[in-house]
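Next up, model19.txt (compact mmCIF, C-alpha atoms):
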```
# COMPACT_ATOMS: atom_id res chain seq x y z
CA MET Y 932 -44.07 30.09 3.28
CA TRP Y 933 -42.09 28.41 0.48
CA LEU Y 934 -45.21 28.64 -1.67
CA LEU Y 935 -44.88 32.43 -1.58
CA SER Y 936 -41.36 32.34 -3.01
CA PHE Y 937 -42.80 31.65 -6.48
CA ILE Y 938 -44.88 34.84 -6.54
CA PRO Y 939 -43.52 38.42 -6.92
CA ASP Y 940 -43.40 40.54 -3.73
CA ALA Y 941 -45.85 43.19 -4.95
CA TRP Y 942 -48.52 40.66 -5.90
CA ILE Y 943 -48.29 38.89 -2.56
CA ALA Y 944 -48.52 42.16 -0.61
CA LEU Y 945 -51.53 43.33 -2.64
CA ALA Y 946 -53.38 40.01 -2.31
CA VAL Y 947 -52.75 39.86 1.44
CA HIS Y 948 -53.86 43.47 1.99
CA ILE Y 949 -57.05 42.81 -0.05
CA ILE Y 950 -57.88 39.64 1.93
CA PHE Y 951 -57.19 41.39 5.25
CA GLY Y 952 -59.15 44.51 4.20
CA LEU Y 953 -62.11 42.46 2.94
CA GLY Y 954 -62.11 40.57 6.25
CA ILE Y 955 -62.35 43.80 8.31
CA ILE Y 956 -64.97 45.39 6.03
CA GLY Y 957 -66.96 42.14 5.97
CA ILE Y 958 -66.98 41.87 9.77
CA ILE Y 959 -68.26 45.47 10.07
CA VAL Y 960 -70.90 44.96 7.34
CA GLY Y 961 -71.94 41.60 8.80
CA THR Y 962 -72.30 43.09 12.29
CA VAL Y 963 -74.41 45.98 10.95
CA LEU Y 964 -76.61 43.63 8.85
CA ASN Y 965 -77.08 41.42 11.91
CA HIS Y 966 -79.08 44.20 13.56
CA ILE Y 967 -81.33 44.85 10.55
CA PRO Y 968 -84.48 42.66 10.38
CA PHE Y 969 -85.12 40.51 7.24
CA VAL Y 970 -81.41 40.61 6.17
CA ASN Y 971 -79.86 39.51 9.47
CA SER Y 972 -79.52 35.91 8.20
CA TYR Y 973 -77.21 37.20 5.41
CA GLY Y 974 -75.33 39.19 8.03
CA LYS Y 975 -74.39 36.01 9.88
CA ILE Y 976 -73.07 34.37 6.68
CA ILE Y 977 -71.11 37.49 5.68
CA ARG Y 978 -69.66 37.75 9.17
CA ALA Y 979 -68.60 34.10 9.26
CA VAL Y 980 -66.90 34.35 5.85
CA SER Y 981 -65.30 37.67 6.83
CA ILE Y 982 -63.89 36.21 10.05
CA ALA Y 983 -62.26 33.45 7.98
CA LEU Y 984 -60.86 36.09 5.59
CA PHE Y 985 -59.68 38.23 8.50
CA VAL Y 986 -57.91 35.29 10.20
CA SER Y 987 -56.18 34.13 7.01
CA GLY Y 988 -55.36 37.75 6.12
CA LEU Y 989 -53.82 38.27 9.53
CA TYR Y 990 -51.80 35.06 9.18
CA PHE Y 991 -50.49 36.10 5.79
CA GLU Y 992 -49.73 39.67 6.99
CA GLY Y 993 -47.41 38.04 9.53
CA GLY Y 994 -46.10 35.63 6.92
CA ILE Y 995 -45.35 38.38 4.42
CA GLY Y 996 -43.13 40.12 6.98
CA VAL Y 997 -41.19 36.94 7.60
CA GLU Y 998 -41.03 36.27 3.84
CA LYS Y 999 -39.59 39.75 3.19
CA GLU Y 1000 -37.03 39.21 5.93
CA TRP Y 1001 -36.01 35.85 4.41
CA ARG Y 1002 -35.79 37.26 0.90
CA ALA Y 1003 -33.52 40.04 2.18
CA LYS Y 1004 -31.32 37.42 3.88
CA VAL Y 1005 -31.24 35.32 0.70
CA ALA Y 1006 -30.28 38.35 -1.41
CA GLU Y 1007 -27.52 39.26 1.06
CA LEU Y 1008 -26.20 35.69 1.07
CA GLU Y 1009 -26.29 35.48 -2.73
CA THR Y 1010 -24.25 38.68 -2.98
CA LYS Y 1011 -21.72 37.31 -0.48
CA ILE Y 1012 -21.49 34.03 -2.40
CA LYS Y 1013 -20.88 35.84 -5.70
CA VAL Y 1014 -18.06 37.84 -4.09
CA ALA Y 1015 -16.64 34.65 -2.53
CA GLU Y 1016 -16.77 32.80 -5.86
CA THR Y 1017 -14.90 35.63 -7.56
CA GLN Y 1018 -12.28 35.66 -4.78
CA SER Y 1019 -12.01 31.89 -5.03
CA LYS Y 1020 -11.38 32.02 -8.79
CA GLN Y 1021 -8.76 34.76 -8.36
CA ALA Y 1022 -7.02 32.75 -5.62
CA ASN Y 1023 -7.06 29.65 -7.84
CA LYS Y 1024 -5.52 31.58 -10.73
CA LYS Y 1025 -2.76 32.85 -8.43
CA ILE Y 1026 -2.01 29.35 -7.06
CA HIS Y 1027 -2.15 27.89 -10.59
CA THR Y 1028 0.48 30.34 -11.88
CA LYS Y 1029 2.66 29.89 -8.79
CA VAL Y 1030 2.69 26.06 -9.00
CA ILE Y 1031 3.38 26.05 -12.74
CA GLU Y 1032 6.34 28.42 -12.25
CA LYS Y 1033 7.78 26.39 -9.36
CA ILE Y 1034 7.42 23.07 -11.21
CA LYS Y 1035 9.13 24.62 -14.24
CA LEU Y 1036 11.98 25.68 -11.97
CA VAL Y 1037 12.24 22.13 -10.60
CA GLN Y 1038 12.37 20.76 -14.17
CA VAL Y 1039 15.09 23.27 -15.11
CA ASN Y 1040 17.15 22.26 -12.07
CA VAL Y 1041 16.73 18.55 -12.88
CA ALA Y 1042 17.88 19.23 -16.48
CA ASN Y 1043 20.88 21.27 -15.25
CA ASN Y 1044 21.92 18.49 -12.87
CA LYS Y 1045 21.55 15.93 -15.67
CA GLN Y 1046 23.78 18.05 -17.87
CA ALA Y 1047 26.36 18.35 -15.09
CA ILE Y 1048 26.36 14.56 -14.62
CA ASN Y 1049 26.88 14.06 -18.37
CA THR Y 1050 29.64 16.68 -18.47
CA HIS Y 1051 31.56 15.14 -15.57
CA LYS Y 1052 30.68 11.55 -16.36
CA GLN Y 1053 34.27 10.40 -16.78
CA VAL Y 1054 35.38 11.94 -13.48
CA ILE Y 1055 32.37 10.55 -11.62
CA ASP Y 1056 32.77 7.01 -12.99
CA ALA Y 1057 36.56 6.96 -12.62
CA GLU Y 1058 36.79 5.59 -9.10
CA CYS Y 1059 33.51 3.84 -8.43
CA LYS Y 1060 31.51 0.94 -9.79
CA LEU Y 1061 28.22 -0.25 -8.30
CA ASN Y 1062 27.77 -3.88 -7.38
CA ALA Y 1063 24.47 -5.81 -7.44
CA LYS Y 1064 23.91 -5.51 -3.68
CA ALA Y 1065 24.28 -1.74 -3.72
CA ILE Y 1066 21.72 -1.48 -6.54
CA GLU Y 1067 19.34 -3.82 -4.68
CA VAL Y 1068 19.52 -1.77 -1.45
CA TYR Y 1069 19.13 1.45 -3.41
CA ASN Y 1070 16.07 0.13 -5.28
CA ASN Y 1071 14.51 -1.13 -2.04
CA SER Y 1072 14.67 2.40 -0.65
CA ILE Y 1073 12.93 3.64 -3.81
CA LYS Y 1074 10.18 1.04 -3.69
CA ASN Y 1075 9.74 1.48 0.08
CA GLY Y 1076 6.83 -1.00 0.28
CA ALA Y 1077 4.19 1.73 0.27
CA LYS Y 1078 1.92 2.00 -2.76
CA MET C 106 -60.61 16.08 2.60
CA LYS C 107 -61.01 19.86 2.26
CA THR C 108 -60.06 20.34 5.92
CA LEU C 109 -57.01 18.17 5.44
CA LEU C 110 -55.97 20.18 2.38
CA LEU C 111 -56.44 23.46 4.26
CA ILE C 112 -54.42 22.21 7.26
CA SER C 113 -51.63 21.00 4.92
CA LEU C 114 -51.48 24.36 3.16
CA LEU C 115 -51.45 26.31 6.43
CA LEU C 116 -48.76 24.05 7.88
CA THR C 117 -46.47 24.75 4.92
CA GLY C 118 -46.10 28.15 6.56
CA CYS C 119 -43.80 26.47 9.07
CA ALA C 120 -41.46 25.02 6.44
CA THR C 121 -38.94 27.55 5.22
CA SER C 122 -36.14 26.49 2.90
CA VAL C 123 -33.36 28.87 1.89
CA PRO C 124 -32.82 28.60 -1.89
CA VAL C 125 -29.14 29.58 -1.77
CA LYS C 126 -26.47 27.19 -2.99
CA MET C 127 -22.72 27.57 -3.12
CA SER C 128 -20.78 25.32 -5.42
CA PHE C 129 -17.68 23.55 -4.09
CA PRO C 130 -14.60 25.45 -5.31
CA GLN C 131 -12.60 23.81 -8.07
CA ALA C 132 -8.92 23.21 -7.30
CA PRO C 133 -6.32 24.41 -9.85
CA GLU C 134 -5.57 21.82 -12.52
CA PRO C 135 -1.77 21.42 -11.87
CA ILE C 136 -2.31 20.29 -8.28
CA LEU C 137 -4.87 17.67 -9.30
CA LYS C 138 -2.28 15.70 -11.26
CA PRO C 139 -1.46 12.32 -9.67
CA SER C 140 2.11 11.81 -8.49
CA GLU C 141 4.68 9.91 -10.55
CA THR C 142 6.20 6.69 -9.22
CA LEU C 143 9.90 6.79 -8.29
CA GLN C 144 11.97 4.91 -10.87
CA PRO C 145 14.33 2.15 -9.61
CA LEU C 146 17.83 1.85 -11.03
CA ASP C 147 18.31 -0.61 -13.87
CA PRO C 148 20.50 -3.44 -12.42
CA ASN C 149 22.52 -3.45 -15.67
CA LYS C 150 23.58 0.14 -15.11
CA THR C 151 26.51 -0.15 -12.72
CA LYS C 152 28.15 3.23 -13.12
CA LEU C 153 27.98 5.89 -10.41
CA SER C 154 26.79 8.42 -13.01
CA ASP C 155 23.78 6.16 -13.70
CA LEU C 156 22.92 6.15 -10.03
CA LEU C 157 23.29 9.94 -9.85
CA ASP C 158 21.09 10.35 -12.92
CA ASN C 159 18.42 8.13 -11.44
CA ALA C 160 18.59 9.92 -8.07
CA ASN C 161 18.41 13.27 -9.84
CA ASN C 162 15.20 12.24 -11.65
CA ASN C 163 13.62 10.87 -8.49
CA TYR C 164 14.53 13.94 -6.44
CA GLY C 165 12.98 16.02 -9.21
CA GLU C 166 9.72 14.07 -8.81
CA TYR C 167 9.86 14.65 -5.05
CA HIS C 168 10.35 18.40 -5.51
CA LYS C 169 7.41 18.56 -7.96
CA LEU C 170 5.26 16.70 -5.48
CA LYS C 171 6.38 19.04 -2.70
CA GLN C 172 5.26 22.03 -4.77
CA GLN C 173 1.89 20.36 -5.38
CA ASN C 174 1.49 19.58 -1.69
CA ASP C 175 2.42 23.13 -0.64
CA ALA C 176 -0.08 24.44 -3.19
CA TRP C 177 -2.81 22.17 -1.76
CA ILE C 178 -2.17 23.58 1.72
CA GLU C 179 -2.26 27.14 0.39
CA TRP C 180 -5.43 26.38 -1.62
CA TYR C 181 -7.19 24.89 1.41
CA ASN C 182 -6.26 27.77 3.71
CA THR C 183 -7.29 30.40 1.14
CA GLN C 184 -10.61 28.73 0.33
CA ARG C 185 -11.40 28.23 3.98
CA LYS C 186 -10.72 31.91 4.69
CA ILE C 187 -13.04 32.91 1.83
CA PHE C 188 -15.73 30.45 3.00
CA ASP C 189 -15.54 31.71 6.59
CA GLY C 190 -16.02 35.25 5.30
CA ILE C 191 -19.52 34.39 4.01
CA LYS C 192 -21.04 33.56 7.41
```
Whole structure given in structure tokens:
Amino acid sequence: MWLLSFIPDAWIALAVHIIFGLGIIGIIVGTVLNHIPFVNSYGKIIRAVSIALFVSGLYFEGGIGVEKEWRAKVAELETKIKVAETQSKQANKKIHTKVIEKIKLVQVNVANNKQAINTHKQVIDAECKLNAKAIEVYNNSIKNGAK
Amino acid sequence: MKTLLLISLLLTGCATSVPVKMSFPQAPEPILKPSETLQPLDPNKTKLSDLLDNANNNYGEYHKLKQQNDAWIEWYNTQRKIFDGIK
């Protein structure tokens, strides 16, 4: 049925109805001609062709129903996806703003702490000096082995 | 050959593909930034204020990363909720 997805709905419906209609008319005409002498050989040909038309018409009548159903489902899904994509963008914008604000706050706090350290530097450094071992242990905890 | 062509065409009636695609949602740019490495203390800096300064910077990096991680969790939960709403 994927072949039908390239053709507009109205064209498909019309073509299928014509094929199906021609099949029925052809079968009737063929049957009538079959009983008339001299033309009954044409009747057989017309009937055979009409049966083929009728069968394919019937198949496509069924197919067109399924195709319409699928197209409706596709349209419904496309609408849902558009709504979801809009919601997704809105949610992203909200998260974007929130993260930026929180990171700014973190940076402000870091700067404030830095300023406090500088302000009270003399008091902080008055009673303590770090030795090499302390720095080594401290740096090991920073490196932590995991990359 | 003609019969084969006819059979192939009729059999395509069984193959139905749904031409609907949904693109993978893009994550907000701030949470895609890679994390910074923690900075070790310079062994020549032996004052306690140097240590505090270094710790302050590193804690700041941790807090930034925490915000990014929390945002990832929120992003995932929100997108999943939206995705589940489509079905």
Only residues of chain C matter here; which ones have an atom within 8 Å of chain Y, counting all atoms listed in the file? Give them as a ChimeraX atom specification. /C:117-125,127,130,132-136,143-146,148,151-154,157-158,161-162,165,168-169,172-173,176,179-180,183-184,187-188,190-191
Just how far from CA of Tyr167 (chain C) is CA of Lys150 (chain C), in Å to one decimal? 22.4 Å
Separation of CA of Ser981 (chain Y) from CA of Gly952 (chain Y) in Å: 9.6 Å
Length of the CA of Ile995 (chain Y) to CA of Ile956 (chain Y) vector [Å]: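 Separating CA of Ile995 (chain Y) from CA of Ile956 (chain Y) is a distance of 20.9 Å.
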Specify the axis-aligned box that encloses all atoms of region 147-164 of chain C listed in the file after padding of 4 Å on each side, stating its centre and edge lengths in Å to one decimal as JSON.
```
{"center_x": 20.9, "center_y": 5.2, "center_z": -11.1, "size_x": 22.5, "size_y": 25.4, "size_z": 17.2}
```
Give me the residues within 12 Å of Ile950 (chain Y) as a compact mmCIF listing (two decimals) with C-alpha atoms, keeping the file's coordinate frame, counting all atoms listed in the file and dropping any in the same chain fewer than 2 places off.
```txt
# COMPACT_ATOMS: atom_id res chain seq x y z
CA ILE Y 943 -48.29 38.89 -2.56
CA ALA Y 944 -48.52 42.16 -0.61
CA LEU Y 945 -51.53 43.33 -2.64
CA ALA Y 946 -53.38 40.01 -2.31
CA VAL Y 947 -52.75 39.86 1.44
CA HIS Y 948 -53.86 43.47 1.99
CA GLY Y 952 -59.15 44.51 4.20
CA LEU Y 953 -62.11 42.46 2.94
CA GLY Y 954 -62.11 40.57 6.25
CA ILE Y 955 -62.35 43.80 8.31
CA ILE Y 956 -64.97 45.39 6.03
CA GLY Y 957 -66.96 42.14 5.97
CA VAL Y 980 -66.90 34.35 5.85
CA SER Y 981 -65.30 37.67 6.83
CA ILE Y 982 -63.89 36.21 10.05
CA ALA Y 983 -62.26 33.45 7.98
CA LEU Y 984 -60.86 36.09 5.59
CA PHE Y 985 -59.68 38.23 8.50
CA VAL Y 986 -57.91 35.29 10.20
CA SER Y 987 -56.18 34.13 7.01
CA GLY Y 988 -55.36 37.75 6.12
CA LEU Y 989 -53.82 38.27 9.53
CA TYR Y 990 -51.80 35.06 9.18
CA PHE Y 991 -50.49 36.10 5.79
CA GLU Y 992 -49.73 39.67 6.99
```
Give me region 970-985 of chain Y with N, CA and C atoms filled in, as a PDB file, in the frame of the given file.
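The file below, selection_16.pdb, is the result:
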```
ATOM      1  N   VAL Y 970     -82.708  40.932   6.824  1.00  0.00           N
ATOM      2  CA  VAL Y 970     -81.410  40.610   6.170  1.00  0.00           C
ATOM      3  C   VAL Y 970     -80.381  40.076   7.171  1.00  0.00           C
ATOM      4  N   ASN Y 971     -80.833  39.936   8.448  1.00  0.00           N
ATOM      5  CA  ASN Y 971     -79.860  39.510   9.470  1.00  0.00           C
ATOM      6  C   ASN Y 971     -79.302  38.109   9.235  1.00  0.00           C
ATOM      7  N   SER Y 972     -80.050  37.257   8.495  1.00  0.00           N
ATOM      8  CA  SER Y 972     -79.520  35.910   8.200  1.00  0.00           C
ATOM      9  C   SER Y 972     -78.306  35.995   7.251  1.00  0.00           C
ATOM     10  N   TYR Y 973     -78.362  36.966   6.312  1.00  0.00           N
ATOM     11  CA  TYR Y 973     -77.210  37.200   5.410  1.00  0.00           C
ATOM     12  C   TYR Y 973     -76.020  37.744   6.190  1.00  0.00           C
ATOM     13  N   GLY Y 974     -76.368  38.578   7.184  1.00  0.00           N
ATOM     14  CA  GLY Y 974     -75.330  39.190   8.030  1.00  0.00           C
ATOM     15  C   GLY Y 974     -74.465  38.148   8.705  1.00  0.00           C
ATOM     16  N   LYS Y 975     -75.137  37.080   9.188  1.00  0.00           N
ATOM     17  CA  LYS Y 975     -74.390  36.010   9.880  1.00  0.00           C
ATOM     18  C   LYS Y 975     -73.406  35.328   8.923  1.00  0.00           C
ATOM     19  N   ILE Y 976     -73.922  35.053   7.688  1.00  0.00           N
ATOM     20  CA  ILE Y 976     -73.070  34.370   6.680  1.00  0.00           C
ATOM     21  C   ILE Y 976     -71.868  35.257   6.325  1.00  0.00           C
ATOM     22  N   ILE Y 977     -72.179  36.541   6.047  1.00  0.00           N
ATOM     23  CA  ILE Y 977     -71.110  37.490   5.680  1.00  0.00           C
ATOM     24  C   ILE Y 977     -70.077  37.590   6.796  1.00  0.00           C
ATOM     25  N   ARG Y 978     -70.564  37.618   8.025  1.00  0.00           N
ATOM     26  CA  ARG Y 978     -69.660  37.750   9.170  1.00  0.00           C
ATOM     27  C   ARG Y 978     -68.750  36.517   9.317  1.00  0.00           C
ATOM     28  N   ALA Y 979     -69.379  35.344   9.131  1.00  0.00           N
ATOM     29  CA  ALA Y 979     -68.600  34.100   9.260  1.00  0.00           C
ATOM     30  C   ALA Y 979     -67.496  34.036   8.189  1.00  0.00           C
ATOM     31  N   VAL Y 980     -67.894  34.372   6.950  1.00  0.00           N
ATOM     32  CA  VAL Y 980     -66.900  34.350   5.850  1.00  0.00           C
ATOM     33  C   VAL Y 980     -65.816  35.388   6.113  1.00  0.00           C
ATOM     34  N   SER Y 981     -66.255  36.572   6.577  1.00  0.00           N
ATOM     35  CA  SER Y 981     -65.300  37.670   6.830  1.00  0.00           C
ATOM     36  C   SER Y 981     -64.309  37.330   7.929  1.00  0.00           C
ATOM     37  N   ILE Y 982     -64.804  36.599   8.961  1.00  0.00           N
ATOM     38  CA  ILE Y 982     -63.890  36.210  10.050  1.00  0.00           C
ATOM     39  C   ILE Y 982     -62.803  35.287   9.495  1.00  0.00           C
ATOM     40  N   ALA Y 983     -63.242  34.363   8.609  1.00  0.00           N
ATOM     41  CA  ALA Y 983     -62.260  33.450   7.980  1.00  0.00           C
ATOM     42  C   ALA Y 983     -61.244  34.243   7.161  1.00  0.00           C
ATOM     43  N   LEU Y 984     -61.751  35.237   6.399  1.00  0.00           N
ATOM     44  CA  LEU Y 984     -60.860  36.090   5.590  1.00  0.00           C
ATOM     45  C   LEU Y 984     -59.903  36.869   6.488  1.00  0.00           C
ATOM     46  N   PHE Y 985     -60.480  37.417   7.578  1.00  0.00           N
ATOM     47  CA  PHE Y 985     -59.680  38.230   8.500  1.00  0.00           C
ATOM     48  C   PHE Y 985     -58.543  37.392   9.121  1.00  0.00           C
TER      49      PHE Y 985
END
```
